[in-house]
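With compact mmCIF, C-alpha atoms inside, this is run_29.txt:
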# COMPACT_ATOMS: atom_id res chain seq x y z
CA MET V 28 5.99 -11.86 -7.83
CA PRO V 29 9.50 -13.30 -7.42
CA GLY V 30 8.33 -16.54 -5.77
CA GLU V 31 6.19 -18.08 -3.05
CA THR V 32 8.53 -17.85 -0.06
CA ALA V 33 9.76 -15.06 2.16
CA GLU V 34 13.28 -15.97 1.07
CA ASP V 35 12.30 -15.34 -2.55
CA ALA V 36 10.88 -11.95 -1.62
CA LEU V 37 13.87 -10.97 0.52
CA GLY V 38 16.28 -11.91 -2.26
CA ALA V 39 14.36 -9.76 -4.73
CA ALA V 40 14.43 -6.84 -2.29
CA GLN V 41 18.19 -7.15 -1.87
CA ALA V 42 18.66 -6.98 -5.64
CA LEU V 43 16.40 -3.93 -5.88
CA GLN V 44 18.14 -2.14 -3.02
CA ALA V 45 21.42 -2.44 -4.91
CA HIS V 46 19.78 -0.10 -7.44
CA GLY V 47 18.48 2.27 -4.77
CA ILE V 48 14.90 0.99 -4.86
CA SER V 49 13.22 0.09 -1.56
CA ALA V 50 10.58 -2.60 -1.01
CA VAL V 51 7.39 -3.26 0.89
CA PHE V 52 6.43 -6.89 1.50
CA THR V 53 2.97 -8.42 1.66
CA HIS V 54 2.28 -12.07 2.42
CA LEU V 55 -0.71 -13.12 0.31
CA GLY V 56 -3.92 -14.21 1.98
CA GLU V 57 -7.10 -12.73 3.42
CA ASN V 58 -10.36 -13.51 5.26
CA ILE V 59 -8.84 -15.87 7.79
CA ASN V 60 -11.52 -17.30 10.07
CA GLU V 61 -9.45 -19.27 12.58
CA ALA V 62 -7.58 -17.60 15.44
CA PRO V 63 -4.52 -19.90 15.33
CA GLU V 64 -4.05 -19.14 11.63
CA ALA V 65 -4.25 -15.38 12.25
CA LEU V 66 -1.60 -15.83 14.93
CA ARG V 67 0.61 -17.76 12.50
CA VAL V 68 0.37 -14.89 10.02
CA THR V 69 1.35 -12.47 12.78
CA ASP V 70 4.32 -14.66 13.70
CA HIS V 71 5.32 -14.74 10.04
CA TYR V 72 5.44 -10.94 9.82
CA VAL V 73 7.41 -10.70 13.06
CA ALA V 74 9.99 -13.15 11.68
CA LEU V 75 10.05 -11.26 8.38
CA LEU V 76 10.82 -8.01 10.19
CA ASP V 77 13.73 -9.74 11.91
CA GLN V 78 15.08 -10.78 8.51
CA ILE V 79 14.68 -7.25 7.17
CA ARG V 80 16.85 -5.97 10.02
CA THR V 81 19.41 -8.76 9.73
CA ARG V 82 19.90 -8.09 6.02
CA GLY V 83 19.99 -4.32 6.38
CA LEU V 84 17.06 -3.77 4.04
CA ASN V 85 15.23 -0.47 3.73
CA SER V 86 11.95 -2.37 3.56
CA GLU V 87 8.49 -2.19 5.07
CA VAL V 88 5.54 -4.57 5.42
CA SER V 89 1.91 -4.25 4.38
CA VAL V 90 -0.82 -6.31 6.06
CA LYS V 91 -4.47 -7.11 5.44
CA LEU V 92 -6.56 -6.88 8.58
CA THR V 93 -8.74 -9.83 7.55
CA GLN V 94 -5.53 -11.85 7.50
CA LEU V 95 -4.93 -10.85 11.12
CA GLY V 96 -8.35 -12.00 12.28
CA LEU V 97 -10.65 -9.03 11.60
CA ASP V 98 -13.52 -11.35 10.63
CA LEU V 99 -13.16 -13.02 14.04
CA SER V 100 -13.02 -9.90 16.21
CA SER V 101 -11.61 -6.41 15.96
CA ALA V 102 -9.97 -6.85 19.37
CA GLN V 103 -8.00 -9.89 18.29
CA CYS V 104 -7.10 -8.26 15.00
CA TYR V 105 -5.81 -5.14 16.74
CA ALA V 106 -3.76 -7.20 19.18
CA ASN V 107 -2.03 -8.93 16.25
CA LEU V 108 -1.56 -5.64 14.40
CA LYS V 109 -0.13 -3.97 17.50
CA ARG V 110 2.40 -6.75 17.91
CA ILE V 111 3.64 -6.30 14.33
CA ILE V 112 3.84 -2.51 14.67
CA GLN V 113 5.75 -2.71 17.94
CA HIS V 114 8.17 -5.25 16.51
CA ALA V 115 8.79 -3.09 13.45
CA GLY V 116 9.92 -0.21 15.63
CA PRO V 117 9.78 3.48 14.73
CA GLU V 118 12.24 3.09 11.87
CA SER V 119 9.94 0.92 9.73
CA THR V 120 6.38 1.68 8.62
CA VAL V 121 3.69 -0.98 8.82
CA TRP V 122 1.07 -0.38 6.14
CA ILE V 123 -2.56 -1.45 6.50
CA ASP V 124 -4.03 -2.52 3.17
CA MET V 125 -7.54 -1.40 2.34
CA GLU V 126 -9.92 -4.19 1.39
CA ALA V 127 -13.43 -4.17 -0.09
CA SER V 128 -15.77 -1.31 0.82
CA PRO V 129 -17.60 -3.10 3.69
CA TYR V 130 -14.28 -3.10 5.57
CA VAL V 131 -13.42 0.58 5.14
CA ASP V 132 -15.01 1.91 8.33
CA ILE V 133 -13.52 -0.70 10.66
CA THR V 134 -10.15 -0.49 8.92
CA LEU V 135 -10.01 3.27 9.42
CA GLU V 136 -11.20 2.89 13.02
CA LEU V 137 -8.34 0.51 13.79
CA TYR V 138 -5.90 2.70 11.87
CA ARG V 139 -6.86 5.75 13.95
CA ARG V 140 -6.38 3.73 17.11
CA ALA V 141 -2.96 2.53 15.98
CA ARG V 142 -1.88 5.96 14.72
CA THR V 143 -2.62 7.64 18.04
CA ALA V 144 -0.34 5.10 19.73
CA PHE V 145 2.42 4.60 17.15
CA PRO V 146 4.14 6.85 14.60
CA ASN V 147 5.09 4.04 12.23
CA VAL V 148 1.76 2.98 10.75
CA GLY V 149 0.16 3.90 7.44
CA VAL V 150 -3.05 3.08 5.61
CA CYS V 151 -3.99 2.49 2.00
CA LEU V 152 -6.87 4.52 0.52
CA GLN V 153 -8.64 3.75 -2.75
CA ALA V 154 -9.28 6.62 -5.15
CA TYR V 155 -12.26 5.02 -6.85
CA LEU V 156 -14.42 5.16 -3.72
CA TYR V 157 -16.59 8.27 -3.57
CA ARG V 158 -15.91 8.62 0.15
CA THR V 159 -12.11 8.84 0.00
CA ALA V 160 -11.84 12.64 -0.13
CA LYS V 161 -13.81 12.87 3.12
CA ASP V 162 -11.73 10.08 4.66
CA ILE V 163 -8.54 11.99 3.88
CA ALA V 164 -9.94 15.16 5.45
CA ALA V 165 -10.95 13.23 8.58
CA LEU V 166 -7.52 11.61 8.91
CA MET V 167 -5.54 14.80 8.31
CA PRO V 168 -5.26 15.87 11.98
CA LEU V 169 -3.44 12.60 12.72
CA GLY V 170 -0.59 13.43 10.35
CA PRO V 171 -1.14 10.07 8.65
CA ALA V 172 0.93 8.05 6.24
CA ILE V 173 -1.31 7.34 3.24
CA ARG V 174 -0.72 5.13 0.24
CA LEU V 175 -3.04 6.19 -2.57
CA VAL V 176 -4.14 3.50 -5.04
CA LYS V 177 -6.84 3.42 -7.71
CA GLY V 178 -8.64 0.39 -6.25
CA ALA V 179 -9.06 -3.14 -7.62
CA TYR V 180 -12.10 -4.67 -5.93
CA ARG V 181 -15.37 -5.02 -7.80
CA GLU V 182 -17.62 -2.40 -6.23
CA SER V 183 -21.13 -1.16 -6.89
CA PRO V 184 -21.50 2.12 -8.80
CA SER V 185 -23.29 3.31 -5.68
CA VAL V 186 -19.97 3.42 -3.79
CA ALA V 187 -17.26 3.69 -6.46
CA TYR V 188 -16.58 5.34 -9.80
CA PRO V 189 -17.15 2.69 -12.50
CA GLU V 190 -15.34 4.53 -15.31
CA LYS V 191 -11.55 4.71 -15.62
CA LYS V 192 -11.57 8.36 -16.65
CA ASP V 193 -13.42 9.29 -13.48
CA VAL V 194 -11.09 7.19 -11.32
CA ASP V 195 -8.09 8.87 -12.93
CA ALA V 196 -9.55 12.33 -12.32
CA GLN V 197 -10.28 11.47 -8.70
CA PHE V 198 -6.81 9.99 -8.20
CA PHE V 199 -5.16 13.18 -9.43
CA ALA V 200 -7.41 15.37 -7.29
CA LEU V 201 -6.67 13.31 -4.17
CA ALA V 202 -2.94 13.30 -4.92
CA ARG V 203 -3.00 17.09 -5.09
CA THR V 204 -4.73 17.18 -1.71
CA LEU V 205 -2.20 14.83 -0.13
CA LEU V 206 0.73 16.77 -1.57
CA GLY V 207 -0.72 20.22 -0.99
CA GLY V 208 0.34 22.75 1.61
CA PRO V 209 -2.17 21.90 4.37
CA ALA V 210 -1.40 18.18 4.21
CA ARG V 211 2.35 18.75 4.23
CA ARG V 212 2.05 21.11 7.20
CA ALA V 213 0.00 18.43 8.98
CA GLY V 214 2.85 15.96 8.52
CA VAL V 215 1.14 13.70 6.00
CA ARG V 216 3.45 11.15 4.38
CA THR V 217 2.26 10.29 0.88
CA ALA V 218 2.95 7.26 -1.28
CA ILE V 219 1.61 7.42 -4.83
CA ALA V 220 0.94 3.82 -5.87
CA THR V 221 0.16 3.61 -9.57
CA HIS V 222 1.60 2.26 -12.82
CA ASP V 223 -0.20 4.93 -14.85
CA CYS V 224 2.59 6.88 -16.52
CA GLU V 225 0.30 9.77 -17.46
CA LEU V 226 -0.82 10.23 -13.85
CA ILE V 227 2.77 9.99 -12.68
CA ARG V 228 3.76 12.71 -15.14
CA ARG V 229 0.93 15.01 -14.05
CA ILE V 230 1.66 14.52 -10.36
CA ALA V 231 5.37 15.17 -10.89
CA GLU V 232 4.52 18.36 -12.78
CA PHE V 233 2.17 19.46 -10.01
CA THR V 234 4.73 18.95 -7.25
CA ALA V 235 7.45 20.68 -9.26
CA SER V 236 5.20 23.69 -9.82
CA THR V 237 4.23 23.96 -6.14
CA GLY V 238 7.67 23.52 -4.62
CA VAL V 239 7.27 19.99 -3.27
CA ALA V 240 10.71 18.37 -3.12
CA LYS V 241 11.14 15.06 -4.91
CA ASP V 242 12.10 13.30 -1.69
CA GLU V 243 9.00 14.50 0.19
CA TYR V 244 6.87 11.70 -1.24
CA GLU V 245 7.37 8.40 -3.01
CA PHE V 246 6.12 6.38 -5.95
CA GLN V 247 5.21 2.73 -5.45
CA MET V 248 4.60 -0.03 -7.99
CA LEU V 249 4.04 -3.78 -8.02
CA TYR V 250 6.97 -6.10 -8.56
CA GLY V 251 7.36 -6.93 -12.24
CA ILE V 252 5.18 -4.13 -13.65
CA GLN V 253 6.55 -0.88 -15.10
CA ARG V 254 9.92 -1.40 -13.43
CA PRO V 255 11.78 0.72 -16.03
CA GLU V 256 9.49 3.62 -15.15
CA LEU V 257 10.25 3.24 -11.44
CA VAL V 258 13.98 3.05 -12.17
CA ARG V 259 13.65 6.27 -14.18
CA LEU V 260 11.85 7.98 -11.30
CA LYS V 261 14.57 6.91 -8.88
CA ARG V 262 17.24 8.15 -11.27
CA ASP V 263 15.43 11.49 -11.50
CA GLY V 264 15.60 11.91 -7.73
CA TYR V 265 12.24 10.58 -6.53
CA ARG V 266 11.84 8.04 -3.77
CA ALA V 267 10.86 4.68 -5.25
CA ARG V 268 9.48 1.53 -3.67
CA ILE V 269 8.27 -1.80 -5.09
CA LEU V 270 5.51 -3.87 -3.50
CA ILE V 271 6.66 -7.49 -3.39
CA ALA V 272 3.81 -9.95 -2.91
CA TYR V 273 4.58 -13.58 -2.16
CA GLY V 274 2.96 -16.71 -0.75
CA ALA V 275 1.39 -20.02 -1.68
CA TYR V 276 -1.98 -18.39 -2.36
CA TRP V 277 -0.73 -16.29 -5.26
CA PHE V 278 -2.86 -17.97 -7.94
CA PRO V 279 -6.30 -17.52 -6.31
CA TRP V 280 -5.28 -13.99 -5.26
CA PHE V 281 -4.17 -13.12 -8.79
CA MET V 282 -7.24 -14.62 -10.47
CA ARG V 283 -9.58 -12.94 -7.99
CA ARG V 284 -8.03 -9.56 -8.72
CA LEU V 285 -8.56 -10.11 -12.44
CA ALA V 286 -12.10 -11.40 -11.99
CA GLU V 287 -13.07 -8.52 -9.72
CA ARG V 288 -11.95 -5.90 -12.21
CA PRO V 289 -11.64 -7.16 -15.82
CA ALA V 290 -9.68 -4.06 -16.87
CA ASN V 291 -6.79 -5.50 -14.84
CA VAL V 292 -6.44 -8.30 -17.41
CA TRP V 293 -5.58 -5.90 -20.20
CA PHE V 294 -3.26 -3.91 -17.96
CA VAL V 295 -1.24 -7.03 -17.13
CA ILE V 296 -1.14 -8.12 -20.77
CA ARG V 297 0.12 -4.71 -21.88
CA ASN V 298 2.94 -4.87 -19.33
CA LEU V 299 4.01 -8.42 -20.14
CA PHE V 300 4.24 -8.22 -23.91

Could I get this file's structure written as structure tokens?
Amino acid sequence: MPGETAEDALGAAQALQAHGISAVFTHLGENINEAPEALRVTDHYVALLDQIRTRGLNSEVSVKLTQLGLDLSSAQCYANLKRIIQHAGPESTVWIDMEASPYVDITLELYRRARTAFPNVGVCLQAYLYRTAKDIAALMPLGPAIRLVKGAYRESPSVAYPEKKDVDAQFFALARTLLGGPARRAGVRTAIATHDCELIRRIAEFTASTGVAKDEYEFQMLYGIQRPELVRLKRDGYRARILIAYGAYWFPWFMRRLAERPANVWFVIRNLF
């Protein structure tokens, strides 16, 4: 991450945009249990969207519903989410992050509600959950925007693939579904969010062989990881976007991600040295 403040994140996005790479911002934090704090987070995103417009950035925002008050009430959470979506306007997508498996059903319920009212809202789906293929099929009639990730939360083998090879196989299968003919005809917008160069290569080969244009979908990566690969993809004609996380709670967020899925430790080490 470039720093703790929104100004740090905006500055990083401006530098990336000079190279043709777009950004999506997320303000770190989750599981807020006080209504005033959830409102402050909502205000923060509204102000951030104003800054995105003022600076002429091709940037989006990504929010966690537990940061908007989901643990308090779904009604309050949706009211905060709706305010952010409306303020973003149709030209900027608001992404809903997916959290741990107990939140999937309510997250998708609120996403469906938002998607029927607004065109500019997307949702993140996690490939390692067994249920994700069915979730994609259920969302398809909405013409959704979907960001596909592998998944980082520690989950029981009863709900998620525990082995990397199985997660990779599922990720590729789901990517093919999202980029296949029926999904494209349904108006699905797909963001492939992975740093796995082998998966990226296979997905690029699949889309090339099936006539999917390079600008019909996009690749997304975290700030500071595999940036040369994302630059290469942009140079080759693909749409490229970097997720820029920022905020004072970066250390507990970072350590929790590593603790939840130890394989993340080795991934970070490989990309730093």

Query raised in the report: What is the distance between CA of Thr159 in chain V and CA of Thr93 in chain V, in Å to one decimal?
Result: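 The value is 20.4 Å.
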
Query raised in the report: Looking at only C-alpha atoms, which of V:Ala154, V:Ala202, V:Val68, V:Val194 is the one that sits closest to Val215 in chain V?
Result: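 Checking each candidate against Val215 in chain V, we get V:Ala202 as the closest.
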
Query - Separation of CA of Gln153 in chain V from CA of Arg139 in chain V in Å - result: 16.9 Å

Query raised in the report: Can you tell me, as a list of chain:residue names, what residues are no more than 6 Å from range 72-77 of chain V when counting all atoms listed in the file, ignoring any on the same chain fewer than 3 positions away?
Result: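 Close residues of range 72-77 of chain V: V:Thr69, V:Arg80, V:Ile111.
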
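A straight line drawn from CA of Ile173 in chain V to CA of Ser49 in chain V is 16.9 Å long.
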
Using the file's own x, y and z axes, what box holds all listed atoms of range 84-98 of chain V with 4 Å on each side, keeping edges along x, y and z, and what are its centre and edge lengths in Å to one decimal, as JSON?
{"center_x": 1.8, "center_y": -6.2, "center_z": 7.9, "size_x": 38.6, "size_y": 19.5, "size_z": 16.7}

Query raised in the report: Which of these residues is nearest to Leu55 in chain V, using all atoms listed in the file: V:Cys224, V:Gly274, V:Gln113, V:Ala218?
Result: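 Result for the nearest residue to Leu55 in chain V: V:Gly274.
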
Report summary line: Leu97 in chain V proximity check over V:Thr143, V:Asn58, V:Ser128, V:Gln197, using all atoms listed in the file: winner is V:Asn58

Requested in this report: Name all residues at most 10 Å from Pro168 in chain V (count only C-alpha atoms; drop same-chain ones fewer than 3 positions away) and give them as a ChimeraX atom specification.
Outcome: /V:163-165,171,210,213-215

**Report entry** Nearest residue to Ile227 in chain V from the set V:Leu43, V:Val239, V:Leu201, V:Leu260 (distances using all atoms listed in the file)
**Finding:**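 Of all the options, V:Leu260 lies closest to Ile227 in chain V.
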
Query raised in the report: If I put a ball of radius 12 Å at (-6.5, 1.1, 6.6) in the file's coordinates, which residues poke into it when counting all atoms listed in the file, written as number ranges by chain?
Result: V: 89-93, 105, 108, 121-128, 130-142, 148-153, 159, 162-163, 166, 171-175

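Candidate residues V:Pro29, V:Leu205, V:Ala65, V:Ser119 were compared for distance to Ile252 in chain V, and the nearest is V:Pro29, using only C-alpha atoms.
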
Query raised in the report: So which one's closest to Glu34 in chain V, V:Asn107, V:Gln78, V:Ile48, V:Tyr157? Using only C-alpha atoms, please.
Result: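 Between V:Asn107, V:Gln78, V:Ile48, V:Tyr157, the residue approaching Glu34 in chain V most closely is V:Gln78.
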
Report task. Pull the neighbourhood of (1.5, -13.0, 0.4) for me: all residues within 10 Å in file coordinates, counting only C-alpha atoms, as a PyMOL selection string. Result -> chain V and resi 28+30-33+36+52-57+68+89-91+271-277+280

Missing atoms in range 64-83 of chain V should be modelled up to N, CA and C atoms and reported as an mmCIF file, keeping the file's coordinate frame.
data_model
loop_
_atom_site.group_PDB
_atom_site.id
_atom_site.type_symbol
_atom_site.label_atom_id
_atom_site.label_comp_id
_atom_site.auth_asym_id
_atom_site.auth_seq_id
_atom_site.Cartn_x
_atom_site.Cartn_y
_atom_site.Cartn_z
ATOM 1 N N GLU V 64 -4.624 -19.517 12.920
ATOM 2 C CA GLU V 64 -4.050 -19.140 11.630
ATOM 3 C C GLU V 64 -3.699 -17.658 11.598
ATOM 4 N N ALA V 65 -4.552 -16.809 12.168
ATOM 5 C CA ALA V 65 -4.250 -15.380 12.250
ATOM 6 C C ALA V 65 -2.985 -15.146 13.076
ATOM 7 N N LEU V 66 -2.808 -15.938 14.114
ATOM 8 C CA LEU V 66 -1.600 -15.830 14.930
ATOM 9 C C LEU V 66 -0.371 -16.274 14.147
ATOM 10 N N ARG V 67 -0.520 -17.305 13.324
ATOM 11 C CA ARG V 67 0.610 -17.760 12.500
ATOM 12 C C ARG V 67 1.020 -16.679 11.501
ATOM 13 N N VAL V 68 0.048 -15.986 10.933
ATOM 14 C CA VAL V 68 0.370 -14.890 10.020
ATOM 15 C C VAL V 68 1.123 -13.793 10.764
ATOM 16 N N THR V 69 0.672 -13.476 11.964
ATOM 17 C CA THR V 69 1.350 -12.470 12.780
ATOM 18 C C THR V 69 2.786 -12.892 13.073
ATOM 19 N N ASP V 70 2.973 -14.140 13.460
ATOM 20 C CA ASP V 70 4.320 -14.660 13.700
ATOM 21 C C ASP V 70 5.188 -14.549 12.449
ATOM 22 N N HIS V 71 4.579 -14.811 11.300
ATOM 23 C CA HIS V 71 5.320 -14.740 10.040
ATOM 24 C C HIS V 71 5.850 -13.324 9.812
ATOM 25 N N TYR V 72 5.003 -12.325 10.027
ATOM 26 C CA TYR V 72 5.440 -10.940 9.820
ATOM 27 C C TYR V 72 6.510 -10.535 10.832
ATOM 28 N N VAL V 73 6.389 -10.996 12.056
ATOM 29 C CA VAL V 73 7.410 -10.700 13.060
ATOM 30 C C VAL V 73 8.755 -11.285 12.637
ATOM 31 N N ALA V 74 8.750 -12.528 12.160
ATOM 32 C CA ALA V 74 9.990 -13.150 11.680
ATOM 33 C C ALA V 74 10.526 -12.437 10.448
ATOM 34 N N LEU V 75 9.630 -11.995 9.580
ATOM 35 C CA LEU V 75 10.050 -11.260 8.380
ATOM 36 C C LEU V 75 10.739 -9.953 8.761
ATOM 37 N N LEU V 76 10.198 -9.253 9.736
ATOM 38 C CA LEU V 76 10.820 -8.010 10.190
ATOM 39 C C LEU V 76 12.214 -8.260 10.753
ATOM 40 N N ASP V 77 12.398 -9.387 11.425
ATOM 41 C CA ASP V 77 13.730 -9.740 11.910
ATOM 42 C C ASP V 77 14.699 -9.920 10.741
ATOM 43 N N GLN V 78 14.240 -10.576 9.687
ATOM 44 C CA GLN V 78 15.080 -10.780 8.510
ATOM 45 C C GLN V 78 15.400 -9.470 7.806
ATOM 46 N N ILE V 79 14.439 -8.571 7.769
ATOM 47 C CA ILE V 79 14.680 -7.250 7.170
ATOM 48 C C ILE V 79 15.813 -6.548 7.898
ATOM 49 N N ARG V 80 15.788 -6.598 9.230
ATOM 50 C CA ARG V 80 16.850 -5.970 10.020
ATOM 51 C C ARG V 80 18.189 -6.669 9.801
ATOM 52 N N THR V 81 18.178 -7.987 9.862
ATOM 53 C CA THR V 81 19.410 -8.760 9.730
ATOM 54 C C THR V 81 20.110 -8.467 8.410
ATOM 55 N N ARG V 82 19.329 -8.300 7.355
ATOM 56 C CA ARG V 82 19.900 -8.090 6.020
ATOM 57 C C ARG V 82 20.122 -6.622 5.680
ATOM 58 N N GLY V 83 19.762 -5.742 6.609
ATOM 59 C CA GLY V 83 19.990 -4.320 6.380
ATOM 60 C C GLY V 83 19.153 -3.745 5.256
#
